[in-house]
file my_file_5.cif (mmCIF, C-alpha atoms)
data_structure
#
loop_
_atom_site.label_atom_id
_atom_site.label_comp_id
_atom_site.auth_asym_id
_atom_site.auth_seq_id
_atom_site.Cartn_x
_atom_site.Cartn_y
_atom_site.Cartn_z
CA MET A 1 0.00 0.00 0.00
CA THR A 2 1.37 3.39 -0.94
CA MET A 3 1.34 6.49 1.21
CA ARG A 4 -1.08 8.03 -1.28
CA GLN A 5 -3.63 5.32 -0.52
CA THR A 6 -3.12 5.91 3.19
CA PHE A 7 -3.91 9.59 2.68
CA TYR A 8 -7.05 8.71 0.76
CA GLU A 9 -8.14 6.43 3.59
CA ALA A 10 -7.53 9.21 6.07
CA LEU A 11 -9.49 11.69 3.97
CA LEU A 12 -12.38 9.26 3.70
CA LEU A 13 -12.44 8.85 7.48
CA ILE A 14 -12.34 12.63 7.99
CA ALA A 15 -15.25 13.10 5.58
CA ALA A 16 -17.23 10.38 7.37
CA ALA A 17 -16.44 11.99 10.75
CA ILE A 18 -17.62 15.41 9.54
CA ILE A 19 -20.90 13.95 8.29
CA LEU A 20 -21.38 11.84 11.42
CA GLY A 21 -20.49 14.70 13.77
CA PHE A 22 -22.87 17.19 12.21
CA ALA A 23 -25.63 14.61 11.76
CA TYR A 24 -25.40 13.56 15.39
CA THR A 25 -25.36 17.08 16.82
CA TYR A 26 -28.22 18.05 14.50
CA ALA A 27 -30.28 15.03 15.57
CA THR A 28 -29.63 15.66 19.26
CA LYS A 29 -29.86 19.46 18.99
CA GLN A 30 -26.46 19.97 20.50
CA GLY A 31 -23.43 22.06 19.65
CA PHE A 32 -24.09 24.38 16.70
CA PHE A 33 -27.67 23.19 16.59
CA ALA A 34 -28.50 23.88 20.23
CA LYS A 35 -31.53 26.16 20.52
CA THR A 36 -29.55 28.75 22.45
CA GLN A 37 -25.79 29.00 22.45
CA PRO A 38 -24.84 28.32 26.08
CA ALA A 39 -22.90 31.10 27.66
CA PRO A 40 -19.73 29.23 28.59
CA ALA A 41 -18.59 28.56 25.04
CA VAL A 42 -18.92 32.22 24.18
CA ALA A 43 -17.51 33.53 27.37
CA LEU A 44 -14.70 31.23 28.34
CA ALA A 45 -12.37 32.47 25.64
CA ASN A 46 -12.10 35.83 27.36
CA ILE A 47 -12.52 34.96 31.00
CA ASP A 48 -9.73 33.61 33.15
CA MET A 49 -10.53 30.50 35.09
CA ILE A 50 -8.61 29.91 38.28
CA SER A 51 -8.00 26.78 40.27
CA LEU A 52 -8.60 26.12 43.94
CA ASP A 53 -4.95 26.84 44.76
CA GLN A 54 -5.09 30.15 42.95
CA ALA A 55 -8.35 31.07 44.67
CA ARG A 56 -6.86 30.17 48.03
CA GLY A 57 -3.78 32.26 47.28
CA ALA A 58 -5.95 35.24 46.40
CA PHE A 59 -8.03 34.72 49.53
CA GLU A 60 -4.97 34.59 51.76
CA SER A 61 -3.44 37.67 50.18
CA ARG A 62 -6.62 39.64 51.00
CA GLN A 63 -6.22 41.48 47.71
CA SER A 64 -9.42 40.24 46.16
CA VAL A 65 -13.18 40.21 46.57
CA PHE A 66 -15.05 36.95 46.27
CA VAL A 67 -18.42 37.27 44.55
CA ASP A 68 -20.98 34.53 45.16
CA ALA A 69 -23.34 34.14 42.18
CA ARG A 70 -25.67 31.66 43.86
CA HIS A 71 -29.16 32.29 45.19
CA GLU A 72 -29.39 34.10 48.48
CA PHE A 73 -30.77 30.98 50.14
CA ASP A 74 -27.66 29.01 49.25
CA PHE A 75 -25.43 31.91 50.22
CA LEU A 76 -26.99 32.12 53.67
CA ALA A 77 -26.53 28.39 54.17
CA GLY A 78 -22.78 28.82 53.74
CA HIS A 79 -20.29 30.73 51.64
CA ILE A 80 -16.65 31.62 51.30
CA GLN A 81 -15.60 33.81 54.15
CA GLY A 82 -16.06 37.49 53.30
CA ALA A 83 -17.81 36.84 49.98
CA VAL A 84 -20.35 39.27 48.56
CA ASN A 85 -23.57 37.74 47.32
CA ILE A 86 -24.86 38.90 43.97
CA PRO A 87 -27.26 36.30 42.58
CA LEU A 88 -27.10 36.34 38.82
CA LYS A 89 -30.77 37.17 38.34
CA MET A 90 -30.56 40.02 40.86
CA TYR A 91 -27.52 41.64 39.31
CA GLY A 92 -29.42 44.73 38.21
CA THR A 93 -30.56 45.58 41.71
CA LEU A 94 -27.70 44.19 43.76
CA GLN A 95 -24.68 45.38 41.81
CA SER A 96 -24.52 48.29 44.25
CA ARG A 97 -23.04 45.80 46.71
CA LEU A 98 -19.81 46.30 44.80
CA GLY A 99 -20.24 50.06 44.82
CA GLY A 100 -17.20 50.71 46.96
CA VAL A 101 -14.96 48.32 45.10
CA ALA A 102 -12.34 49.75 42.74
CA LYS A 103 -12.85 48.80 39.10
CA ASP A 104 -9.40 47.24 38.87
CA LYS A 105 -9.81 45.18 42.03
CA LEU A 106 -9.49 41.43 41.54
CA LEU A 107 -12.97 39.91 41.61
CA ILE A 108 -13.25 36.16 41.97
CA VAL A 109 -16.67 34.92 40.97
CA TYR A 110 -17.95 31.51 41.93
CA CYS A 111 -21.15 29.53 42.08
CA ASP A 112 -21.88 26.05 43.31
CA GLY A 113 -19.29 24.22 41.24
CA ALA A 114 -18.50 22.81 37.88
CA GLU A 115 -22.14 22.09 37.08
CA CYS A 116 -23.29 25.72 37.18
CA ASN A 117 -22.76 28.52 34.72
CA SER A 118 -23.93 31.48 36.75
CA SER A 119 -20.39 32.41 37.80
CA ILE A 120 -19.42 32.75 34.15
CA GLU A 121 -22.53 34.68 33.24
CA LEU A 122 -22.11 36.99 36.22
CA SER A 123 -18.47 37.60 35.36
CA ILE A 124 -19.57 38.72 31.88
CA LYS A 125 -21.93 41.23 33.45
CA LEU A 126 -19.18 42.48 35.76
CA LEU A 127 -16.82 42.93 32.82
CA GLU A 128 -19.55 44.79 30.96
CA SER A 129 -19.98 47.00 34.02
CA GLY A 130 -16.36 48.10 33.79
CA PHE A 131 -14.58 45.76 36.18
CA THR A 132 -11.30 44.88 34.54
CA ASN A 133 -9.91 42.10 36.71
CA VAL A 134 -12.55 39.37 36.89
CA LYS A 135 -11.73 35.71 37.28
CA VAL A 136 -13.94 32.66 37.66
CA PHE A 137 -13.27 30.07 40.32
CA PHE A 138 -14.82 27.20 38.43
CA GLY A 139 -14.57 24.64 41.23
CA GLY A 140 -16.81 26.95 43.22
CA TRP A 141 -18.39 26.46 46.60
CA GLN A 142 -18.25 22.66 46.55
CA GLU A 143 -14.52 22.52 45.90
CA TRP A 144 -13.79 25.24 48.45
CA LYS A 145 -15.87 23.53 51.13
CA SER A 146 -14.37 20.11 50.38
CA ALA A 147 -10.89 21.55 50.83
CA GLY A 148 -11.83 22.72 54.30
CA LEU A 149 -11.06 26.35 53.56
CA PRO A 150 -12.58 29.22 55.57
CA THR A 151 -16.33 29.56 55.27
CA GLU A 152 -19.05 31.36 57.13
CA GLN A 153 -22.84 31.35 57.35
CA MET B 1 -5.42 -15.03 0.76
CA HIS B 2 -3.46 -14.58 3.93
CA ILE B 3 -5.73 -13.81 6.86
CA GLY B 4 -3.35 -14.02 9.81
CA ILE B 5 -4.57 -15.63 12.98
CA PHE B 6 -7.92 -16.56 11.50
CA LYS B 7 -6.55 -18.64 8.65
CA ASN B 8 -8.30 -21.97 9.11
CA TYR B 9 -7.82 -21.40 12.82
CA ASP B 10 -4.37 -22.98 12.50
CA MET B 11 -2.41 -21.31 15.24
CA LYS B 12 0.90 -22.61 13.87
CA SER B 13 0.52 -20.46 10.79
CA ILE B 14 0.30 -17.30 12.82
CA PRO B 15 3.24 -14.94 12.50
CA SER B 16 3.80 -13.65 16.02
CA ASN B 17 3.92 -10.13 14.64
CA SER B 18 0.28 -10.41 13.55
CA ILE B 19 -0.86 -11.01 17.08
CA VAL B 20 1.20 -8.14 18.40
CA VAL B 21 -0.14 -5.83 15.71
CA LEU B 22 -3.71 -6.94 16.35
CA LEU B 23 -3.34 -6.38 20.10
CA ALA B 24 -1.78 -2.98 19.48
CA ARG B 25 -4.66 -2.04 17.20
CA ILE B 26 -7.26 -3.19 19.70
CA PHE B 27 -5.51 -1.31 22.51
CA LEU B 28 -5.07 1.94 20.59
CA GLY B 29 -8.46 1.74 18.90
CA GLY B 30 -10.20 0.89 22.16
CA LEU B 31 -8.52 3.81 23.87
CA PHE B 32 -9.83 6.24 21.27
CA VAL B 33 -13.31 4.75 21.32
CA VAL B 34 -13.45 5.19 25.09
CA ALA B 35 -12.03 8.71 24.81
CA SER B 36 -14.68 9.69 22.28
CA LEU B 37 -17.76 8.64 24.24
CA ASP B 38 -17.86 11.40 26.85
CA LYS B 39 -17.11 14.02 24.21
CA ILE B 40 -19.87 12.79 21.91
CA THR B 41 -22.50 12.86 24.62
CA ASP B 42 -21.70 16.46 25.58
CA PRO B 43 -20.11 18.52 22.77
CA GLN B 44 -20.67 21.74 24.74
CA ALA B 45 -18.59 20.51 27.66
CA PHE B 46 -15.87 19.39 25.27
CA ALA B 47 -15.92 22.80 23.57
CA ASN B 48 -15.45 24.38 26.98
CA ALA B 49 -12.54 22.06 27.68
CA ILE B 50 -10.93 23.12 24.39
CA LEU B 51 -11.47 26.80 25.22
CA GLN B 52 -9.64 26.40 28.49
CA TYR B 53 -6.44 25.84 26.50
CA LYS B 54 -6.87 29.43 25.27
CA VAL B 55 -5.68 28.63 21.78
CA VAL B 56 -8.82 28.91 19.67
CA GLY B 57 -12.05 30.90 19.78
CA PRO B 58 -15.56 29.63 20.55
CA THR B 59 -16.56 28.87 16.96
CA PHE B 60 -13.50 26.78 16.18
CA ALA B 61 -13.80 25.08 19.57
CA MET B 62 -17.38 24.09 18.79
CA LEU B 63 -16.40 22.94 15.30
CA THR B 64 -13.67 20.78 16.81
CA ALA B 65 -16.06 19.47 19.45
CA THR B 66 -18.48 18.48 16.68
CA ILE B 67 -16.03 16.64 14.44
CA LEU B 68 -13.16 15.38 16.59
CA PRO B 69 -15.13 12.95 18.78
CA SER B 70 -16.68 11.34 15.70
CA LEU B 71 -13.25 11.06 14.14
CA GLU B 72 -11.88 9.43 17.28
CA LEU B 73 -14.79 6.99 17.36
CA LEU B 74 -14.54 6.09 13.67
CA CYS B 75 -10.76 5.71 13.76
CA GLY B 76 -10.94 3.65 16.93
CA LEU B 77 -13.58 1.28 15.58
CA SER B 78 -11.95 1.04 12.16
CA LEU B 79 -8.59 0.25 13.70
CA ILE B 80 -10.10 -2.48 15.84
CA ILE B 81 -11.90 -4.20 12.99
CA GLY B 82 -9.04 -3.64 10.57
CA LEU B 83 -10.76 -1.34 8.11
CA TYR B 84 -8.27 1.17 6.69
CA PRO B 85 -5.76 0.50 9.48
CA ARG B 86 -3.04 2.67 7.94
CA GLY B 87 -5.35 5.60 7.35
CA CYS B 88 -6.51 5.30 10.95
CA ALA B 89 -2.95 5.07 12.23
CA LEU B 90 -2.05 8.18 10.26
CA LEU B 91 -4.98 10.15 11.70
CA LEU B 92 -4.35 8.92 15.24
CA THR B 93 -0.71 9.92 14.94
CA VAL B 94 -1.66 13.42 13.77
CA MET B 95 -4.25 13.76 16.53
CA LEU B 96 -1.87 12.51 19.23
CA VAL B 97 0.89 14.85 18.12
CA GLY B 98 -1.61 17.73 18.15
CA PHE B 99 -2.89 16.83 21.62
CA THR B 100 0.65 16.53 22.95
CA ILE B 101 1.68 19.92 21.59
CA LEU B 102 -1.47 21.44 23.06
CA VAL B 103 -0.88 19.95 26.51
CA ALA B 104 2.81 20.91 26.47
CA SER B 105 1.90 24.44 25.43
CA ALA B 106 -0.68 24.71 28.23
CA LEU B 107 1.85 23.47 30.78
CA PHE B 108 4.43 25.90 29.47
CA ARG B 109 1.94 28.76 29.85
CA GLY B 110 1.18 27.68 33.41
CA LEU B 111 -2.46 26.80 32.77
CA ASP B 112 -3.90 24.70 35.56
CA ILE B 113 -6.60 22.89 33.61
CA SER B 114 -7.92 19.39 33.22
CA CYS B 115 -7.03 17.55 30.04
CA GLY B 116 -10.50 16.97 28.61
CA CYS B 117 -9.14 13.78 27.09
CA PHE B 118 -11.33 11.09 28.63
CA THR B 119 -13.76 13.06 30.77
CA GLN B 120 -15.16 16.55 30.56
CA ASP B 121 -15.33 16.93 34.31
CA PRO B 122 -13.44 20.17 35.10
CA ASN B 123 -12.50 18.68 38.45
CA ALA B 124 -10.71 15.76 36.81
CA SER B 125 -6.98 15.45 37.30
CA LYS B 126 -5.01 18.33 35.83
CA ILE B 127 -2.62 18.13 32.91
CA ASN B 128 0.93 17.24 33.85
CA LEU B 129 4.16 15.84 32.47
CA GLN B 130 2.85 12.31 32.85
CA LYS B 131 0.14 13.09 30.28
CA ILE B 132 2.79 14.12 27.77
CA LEU B 133 4.80 10.96 28.40
CA GLU B 134 1.67 8.82 27.97
CA ASN B 135 0.94 10.56 24.68
CA CYS B 136 4.51 10.03 23.51
CA GLY B 137 4.09 6.31 24.14
CA LEU B 138 0.87 6.29 22.13
CA ILE B 139 2.53 8.24 19.32
CA ILE B 140 5.28 5.64 19.09
CA LEU B 141 2.63 2.91 18.96
CA SER B 142 0.60 4.63 16.24
CA VAL B 143 3.68 5.43 14.14
CA TRP B 144 4.73 1.81 14.45
CA LEU B 145 1.30 0.72 13.23
CA LEU B 146 1.46 3.23 10.39
CA PHE B 147 4.76 1.99 8.99
CA ASN B 148 4.46 -1.68 9.89
CA LYS B 149 4.26 -3.81 6.74
CA ASN B 150 2.18 -6.35 8.59
CA GLN B 151 -1.13 -4.71 9.42
CA GLY B 152 -2.27 -7.69 11.46
CA SER B 153 -5.47 -9.64 11.09
CA SER B 154 -8.67 -8.07 9.99
CA LEU B 155 -12.04 -8.97 11.42
CA LEU B 156 -13.48 -8.02 8.04
CA GLN B 157 -11.22 -10.60 6.40
CA LEU B 158 -12.45 -13.18 8.87
CA PHE B 159 -16.01 -12.37 7.88
CA THR B 160 -15.15 -12.55 4.19
CA LYS B 161 -13.32 -15.82 4.66
CA ARG B 162 -16.27 -17.39 6.43
CA GLN B 163 -18.51 -16.33 3.59
CA ASP B 164 -16.05 -17.82 1.09
CA ASN B 165 -16.04 -21.11 2.98
CA SER B 166 -19.81 -21.26 3.09
CA VAL B 167 -20.11 -20.94 -0.69
#

call {"tool": "encode", "arguments": {"input": "my_file_5.cif", "output": "structure tokens"}}
result
Amino acid sequence: MTMRQTFYEALLLIAAAIILGFAYTYATKQGFFAKTQPAPAVALANIDMISLDQARGAFESRQSVFVDARHEFDFLAGHIQGAVNIPLKMYGTLQSRLGGVAKDKLLIVYCDGAECNSSIELSIKLLESGFTNVKVFFGGWQEWKSAGLPTEQ
Amino acid sequence: MHIGIFKNYDMKSIPSNSIVVLLARIFLGGLFVVASLDKITDPQAFANAILQYKVVGPTFAMLTATILPSLELLCGLSLIIGLYPRGCALLLTVMLVGFTILVASALFRGLDISCGCFTQDPNASKINLQKILENCGLIILSVWLLFNKNQGSSLLQLFTKRQDNSV
């Protein structure tokens, strides 16, 4: 078998994969064919995600503000020590809670954990509001709590 | 027609290399099939995993998340059954080299992200040097399959042979 034939085989497989991939996502209404483009895919390219260690470092340095994007009920049940609660849906009315915070202050936004998107969506709103140093702690409340780091109720 | 280990089920006629090649194909193909499943079920999560490498934009990430899992699945299955084994080996080599460069680049840039290789769970183990070494091993295996004159036994050939015998 020549290398040319090998290339043809590879091209055939690529063509089949393209057809299969688009057919599957079309049939299941996912990816490009999802009814609404989920926020993370649009947002993640421009938003920095930080790990637990980085979040802990920022917390210990006291040079950042943690913003909790969860519902108030969840926030009251427990949150990262010193965090400010701005539920995503209440951003319009509660953004004043960050009124005294400098626009270049490091804001670390989190929600429950990897399964939620509200931290990402809230960080978009914060960026749109003029905050320039916004990061998302994707592991969120669950990862923070599991690590035994400081919390309060 | 030579059909490797399935030829009349005579084990003495089996070149040892055929078995090794077949096992290598099943291993590599199986690995890619497994790797594709989680990505296929949730293209959005895979697109997010790609975005975390901060190399491409959302549209290209989604395009990759649409096509790449299918390509992994097709190549994996084809390699296992012995359909276009060289074409598969070529594609797997290209993909593995690409993945390795991407992981190395992310490590170099200090990104603390999960690989997105087998699971889309962001809390999965983070990329590290071990991942690169694993990929290098797989690259060697796929290159060996690509240039090996003996492509091992084909399950398709077995099927064809059985049909021939029944006529």

call {"tool": "interface_residues", "arguments": {"input": "my_file_5.cif", "of": "chain B", "to": "chain A", "cutoff": "9 Å", "atoms": "only C-alpha atoms", "output": "ChimeraX atom specification"}}
result
/B:40,42-45,47-48,51-59,61-63,65-75,84-91,111-113,121-123,146,149

call {"tool": "closest_residue", "arguments": {"input": "my_file_5.cif", "among": "A:Gln142, A:Ser96, A:Ser123, A:Asn85", "to": "Ile108 (chain A)", "atoms": "only C-alpha atoms"}}
result
A:Ser123

call {"tool": "residues_around", "arguments": {"input": "my_file_5.cif", "residues": "Leu94 (chain A)", "least_positions_apart": "5", "cutoff": "12 Å", "atoms": "only C-alpha atoms", "output": "ChimeraX atom specification"}}
result
/A:67-69,72,84-89,99,122,126

call {"tool": "atom_distance", "arguments": {"input": "my_file_5.cif", "atom1": "CA of Thr119 (chain B)", "atom2": "CA of Leu138 (chain B)"}}
result
18.3 Å

call {"tool": "atom_distance", "arguments": {"input": "my_file_5.cif", "atom1": "CA of Thr151 (chain A)", "atom2": "CA of Gly82 (chain A)"}}
result
8.2 Å

call {"tool": "atom_distance", "arguments": {"input": "my_file_5.cif", "atom1": "CA of Leu79 (chain B)", "atom2": "CA of Thr41 (chain B)"}}
result
21.7 Å

call {"tool": "closest_residue", "arguments": {"input": "my_file_5.cif", "among": "B:Thr64, B:Asn135, B:Ser114, B:Ser78", "to": "Val97 (chain B)", "atoms": "only C-alpha atoms"}}
result
B:Asn135

call {"tool": "decode", "arguments": {"input": "my_file_5.cif", "residues": "region 48-66 of chain B", "atoms": "N, CA and C atoms", "output": "tab-separated table (two decimals), in the first residue's frame"}}
result
chain	number	residue	atom	x	y	z
B	48	ASN	N	-15.96	23.61	25.85
B	48	ASN	CA	-15.45	24.38	26.98
B	48	ASN	C	-14.05	23.92	27.38
B	49	ALA	N	-13.86	22.60	27.34
B	49	ALA	CA	-12.54	22.06	27.68
B	49	ALA	C	-11.48	22.56	26.69
B	50	ILE	N	-11.86	22.63	25.42
B	50	ILE	CA	-10.93	23.12	24.39
B	50	ILE	C	-10.62	24.61	24.64
B	51	LEU	N	-11.66	25.36	24.99
B	51	LEU	CA	-11.47	26.80	25.22
B	51	LEU	C	-10.52	27.08	26.38
B	52	GLN	N	-10.50	26.16	27.32
B	52	GLN	CA	-9.64	26.40	28.49
B	52	GLN	C	-8.16	26.39	28.12
B	53	TYR	N	-7.84	25.81	26.96
B	53	TYR	CA	-6.44	25.84	26.50
B	53	TYR	C	-6.06	27.22	25.96
B	54	LYS	N	-7.09	28.05	25.73
B	54	LYS	CA	-6.87	29.43	25.27
B	54	LYS	C	-6.01	29.50	24.00
B	55	VAL	N	-6.38	28.66	23.06
B	55	VAL	CA	-5.68	28.63	21.78
B	55	VAL	C	-6.61	29.04	20.64
B	56	VAL	N	-7.86	28.61	20.74
B	56	VAL	CA	-8.82	28.91	19.67
B	56	VAL	C	-10.04	29.62	20.25
B	57	GLY	N	-10.83	30.20	19.37
B	57	GLY	CA	-12.05	30.90	19.78
B	57	GLY	C	-13.23	29.95	19.89
B	58	PRO	N	-14.37	30.46	20.32
B	58	PRO	CA	-15.56	29.63	20.55
B	58	PRO	C	-16.05	28.87	19.32
B	59	THR	N	-16.03	29.53	18.15
B	59	THR	CA	-16.56	28.87	16.96
B	59	THR	C	-15.70	27.67	16.56
B	60	PHE	N	-14.38	27.88	16.54
B	60	PHE	CA	-13.50	26.78	16.18
B	60	PHE	C	-13.55	25.68	17.23
B	61	ALA	N	-13.70	26.09	18.49
B	61	ALA	CA	-13.80	25.08	19.57
B	61	ALA	C	-15.04	24.22	19.36
B	62	MET	N	-16.15	24.85	18.99
B	62	MET	CA	-17.38	24.09	18.79
B	62	MET	C	-17.27	23.20	17.54
B	63	LEU	N	-16.60	23.73	16.51
B	63	LEU	CA	-16.40	22.94	15.30
B	63	LEU	C	-15.56	21.69	15.62
B	64	THR	N	-14.51	21.90	16.40
B	64	THR	CA	-13.67	20.78	16.81
B	64	THR	C	-14.47	19.79	17.66
B	65	ALA	N	-15.28	20.34	18.56
B	65	ALA	CA	-16.06	19.47	19.45
B	65	ALA	C	-17.13	18.70	18.68
B	66	THR	N	-17.48	19.18	17.51
B	66	THR	CA	-18.48	18.48	16.68
B	66	THR	C	-17.83	17.34	15.89
